[in-house]
Amino acid sequence: MYFAEFAFTGTTELASQLLIQAPSKVAASDFAQKYASNWGVELFSLTPATEKQVRLYSLLSKPVEV
């Protein structure tokens, strides 16, 4: 699983975040770039999700499976 953070275009202000379940970082990055393009934001960071992030995200919402 990968944790993606997105920023408003041209800034470092957090716009959204997404937990992505993907077989590789390349697949997660491809999905995150398409997501960013679709919503008009920029991919700010993409990192392997920590166990704490996965637990928290599962309580608050659903991960996206690629």
# chains A, B, ... in the order shown; residues from 1 in each chain; ligands from 1
>>> residues_around(residues="Phe6 (chain A)", least_positions_apart="3", cutoff="6 Å", atoms="only C-alpha atoms", output="PyMOL selection string")
chain A and resi 14-17+42-44
>>> residues_around(residues="Leu19 (chain A)", least_positions_apart="2", cutoff="12 Å", atoms="only C-alpha atoms", output="short mmCIF file (atom, residue, chain, number, x, y, z; two decimals) with C-alpha atoms, in the first residue's frame")
data_model
loop_
_atom_site.label_atom_id
_atom_site.label_comp_id
_atom_site.auth_asym_id
_atom_site.auth_seq_id
_atom_site.Cartn_x
_atom_site.Cartn_y
_atom_site.Cartn_z
CA MET A 1 0.00 0.00 0.00
CA TYR A 2 1.10 3.52 -0.76
CA PHE A 3 0.11 6.84 0.75
CA ALA A 4 -0.26 9.71 -1.71
CA GLU A 5 -0.55 13.36 -0.77
CA PHE A 6 -1.77 15.94 -3.23
CA SER A 16 -6.14 15.67 -0.36
CA GLN A 17 -4.61 12.34 0.49
CA GLN A 21 -3.42 -0.49 -2.84
CA ALA A 22 -1.19 -1.35 -5.79
CA ALA A 28 0.66 3.46 -7.53
CA SER A 29 2.46 6.43 -9.09
CA PHE A 31 -2.71 5.92 -10.58
CA ALA A 32 -1.81 8.90 -8.40
CA TYR A 35 -5.98 11.03 -10.00
CA SER A 45 4.44 12.82 -2.27
CA LEU A 46 4.07 9.06 -2.65
CA THR A 47 5.48 6.83 0.06
CA PRO A 48 4.94 3.30 1.31
CA ALA A 49 2.06 3.47 3.79
CA THR A 50 2.86 2.82 7.43
CA GLU A 51 0.74 0.39 9.42
CA LYS A 52 -0.64 3.32 11.41
CA GLN A 53 -1.72 5.14 8.22
CA VAL A 54 -3.43 2.00 6.93
CA ARG A 55 -5.34 1.50 10.21
CA LEU A 56 -6.36 5.16 10.42
CA TYR A 57 -7.42 5.32 6.78
CA SER A 58 -9.47 2.12 7.10
CA LEU A 60 -12.07 6.91 8.10
CA SER A 61 -12.58 5.76 4.51
CA LYS A 62 -11.83 3.11 1.93
CA PRO A 63 -8.51 2.53 0.10
CA VAL A 64 -8.42 2.59 -3.69
CA GLU A 65 -7.36 -0.68 -5.32
CA VAL A 66 -5.43 -0.48 -8.60
#
>>> select_by_dssp(residues="chain A", states="helix (DSSP H, G or I)", output="ChimeraX atom specification")
/A:25-39,51-60
>>> write_last_selection(atoms="N, CA, C and O atoms", output="mmCIF file, in the first residue's frame")
data_model
loop_
_atom_site.group_PDB
_atom_site.id
_atom_site.type_symbol
_atom_site.label_atom_id
_atom_site.label_comp_id
_atom_site.auth_asym_id
_atom_site.auth_seq_id
_atom_site.Cartn_x
_atom_site.Cartn_y
_atom_site.Cartn_z
ATOM 1 N N LYS A 25 5.206 0.353 -6.759
ATOM 2 C CA LYS A 25 5.239 1.813 -6.641
ATOM 3 C C LYS A 25 4.964 2.468 -7.996
ATOM 4 O O LYS A 25 4.341 3.524 -8.053
ATOM 5 N N VAL A 26 5.393 1.827 -9.063
ATOM 6 C CA VAL A 26 5.146 2.371 -10.406
ATOM 7 C C VAL A 26 3.641 2.416 -10.682
ATOM 8 O O VAL A 26 3.115 3.429 -11.165
ATOM 9 N N ALA A 27 2.933 1.338 -10.354
ATOM 10 C CA ALA A 27 1.479 1.296 -10.560
ATOM 11 C C ALA A 27 0.788 2.334 -9.681
ATOM 12 O O ALA A 27 -0.141 3.013 -10.122
ATOM 13 N N ALA A 28 1.236 2.468 -8.443
ATOM 14 C CA ALA A 28 0.657 3.464 -7.531
ATOM 15 C C ALA A 28 0.916 4.876 -8.053
ATOM 16 O O ALA A 28 0.031 5.729 -8.011
ATOM 17 N N SER A 29 2.112 5.120 -8.557
ATOM 18 C CA SER A 29 2.461 6.434 -9.091
ATOM 19 C C SER A 29 1.618 6.762 -10.324
ATOM 20 O O SER A 29 1.121 7.882 -10.460
ATOM 21 N N ASP A 30 1.451 5.800 -11.201
ATOM 22 C CA ASP A 30 0.623 6.010 -12.397
ATOM 23 C C ASP A 30 -0.808 6.379 -11.995
ATOM 24 O O ASP A 30 -1.394 7.315 -12.532
ATOM 25 N N PHE A 31 -1.351 5.636 -11.033
ATOM 26 C CA PHE A 31 -2.705 5.916 -10.583
ATOM 27 C C PHE A 31 -2.790 7.303 -9.934
ATOM 28 O O PHE A 31 -3.720 8.067 -10.197
ATOM 29 N N ALA A 32 -1.814 7.615 -9.092
ATOM 30 C CA ALA A 32 -1.808 8.903 -8.396
ATOM 31 C C ALA A 32 -1.708 10.063 -9.386
ATOM 32 O O ALA A 32 -2.368 11.094 -9.209
ATOM 33 N N GLN A 33 -0.900 9.909 -10.425
ATOM 34 C CA GLN A 33 -0.773 10.966 -11.440
ATOM 35 C C GLN A 33 -2.094 11.169 -12.178
ATOM 36 O O GLN A 33 -2.495 12.305 -12.449
ATOM 37 N N LYS A 34 -2.780 10.079 -12.507
ATOM 38 C CA LYS A 34 -4.072 10.185 -13.185
ATOM 39 C C LYS A 34 -5.109 10.826 -12.265
ATOM 40 O O LYS A 34 -5.922 11.638 -12.696
ATOM 41 N N TYR A 35 -5.080 10.447 -10.996
ATOM 42 C CA TYR A 35 -5.979 11.031 -10.003
ATOM 43 C C TYR A 35 -5.747 12.539 -9.904
ATOM 44 O O TYR A 35 -6.693 13.323 -9.927
ATOM 45 N N ALA A 36 -4.481 12.917 -9.820
ATOM 46 C CA ALA A 36 -4.133 14.343 -9.713
ATOM 47 C C ALA A 36 -4.610 15.115 -10.941
ATOM 48 O O ALA A 36 -5.166 16.201 -10.821
ATOM 49 N N SER A 37 -4.383 14.551 -12.101
ATOM 50 C CA SER A 37 -4.801 15.198 -13.347
ATOM 51 C C SER A 37 -6.312 15.356 -13.397
ATOM 52 O O SER A 37 -6.836 16.397 -13.795
ATOM 53 N N ASN A 38 -7.018 14.334 -12.961
ATOM 54 C CA ASN A 38 -8.485 14.355 -12.981
ATOM 55 C C ASN A 38 -9.052 15.418 -12.041
ATOM 56 O O ASN A 38 -10.048 16.071 -12.362
ATOM 57 N N TRP A 39 -8.422 15.613 -10.886
ATOM 58 C CA TRP A 39 -8.950 16.542 -9.890
ATOM 59 C C TRP A 39 -8.273 17.913 -9.902
ATOM 60 O O TRP A 39 -8.598 18.775 -9.092
ATOM 61 N N GLU A 51 1.851 1.162 8.850
ATOM 62 C CA GLU A 51 0.742 0.395 9.419
ATOM 63 C C GLU A 51 -0.269 1.322 10.100
ATOM 64 O O GLU A 51 -1.482 1.119 10.014
ATOM 65 N N LYS A 52 0.234 2.358 10.737
ATOM 66 C CA LYS A 52 -0.640 3.324 11.412
ATOM 67 C C LYS A 52 -1.519 4.059 10.396
ATOM 68 O O LYS A 52 -2.709 4.267 10.631
ATOM 69 N N GLN A 53 -0.946 4.454 9.260
ATOM 70 C CA GLN A 53 -1.717 5.137 8.224
ATOM 71 C C GLN A 53 -2.805 4.219 7.672
ATOM 72 O O GLN A 53 -3.936 4.650 7.439
ATOM 73 N N VAL A 54 -2.462 2.962 7.460
ATOM 74 C CA VAL A 54 -3.434 1.999 6.933
ATOM 75 C C VAL A 54 -4.588 1.827 7.913
ATOM 76 O O VAL A 54 -5.760 1.855 7.521
ATOM 77 N N ARG A 55 -4.287 1.666 9.199
ATOM 78 C CA ARG A 55 -5.339 1.503 10.208
ATOM 79 C C ARG A 55 -6.218 2.746 10.285
ATOM 80 O O ARG A 55 -7.452 2.653 10.307
ATOM 81 N N LEU A 56 -5.608 3.915 10.319
ATOM 82 C CA LEU A 56 -6.359 5.160 10.415
ATOM 83 C C LEU A 56 -7.243 5.361 9.189
ATOM 84 O O LEU A 56 -8.414 5.702 9.298
ATOM 85 N N TYR A 57 -6.677 5.128 8.016
ATOM 86 C CA TYR A 57 -7.421 5.323 6.780
ATOM 87 C C TYR A 57 -8.585 4.342 6.695
ATOM 88 O O TYR A 57 -9.664 4.680 6.233
ATOM 89 N N SER A 58 -8.387 3.108 7.163
ATOM 90 C CA SER A 58 -9.471 2.122 7.100
ATOM 91 C C SER A 58 -10.614 2.495 8.040
ATOM 92 O O SER A 58 -11.771 2.143 7.797
ATOM 93 N N LEU A 59 -10.318 3.221 9.101
ATOM 94 C CA LEU A 59 -11.371 3.694 10.000
ATOM 95 C C LEU A 59 -12.155 4.857 9.388
ATOM 96 O O LEU A 59 -13.347 4.990 9.620
ATOM 97 N N LEU A 60 -11.458 5.691 8.625
ATOM 98 C CA LEU A 60 -12.072 6.910 8.103
ATOM 99 C C LEU A 60 -12.683 6.762 6.710
ATOM 100 O O LEU A 60 -13.625 7.449 6.370
#
>>> select_by_dssp(residues="region 9-64 of chain A", states="strand (DSSP E)", output="list in words")
Leu14, Ala15, Ser16, Gln17, Leu18, Leu19, Ile20, Gln21, Val41, Glu42, Leu43, Phe44, Ser45, Leu46, Thr47, Pro48 and Val64 of chain A
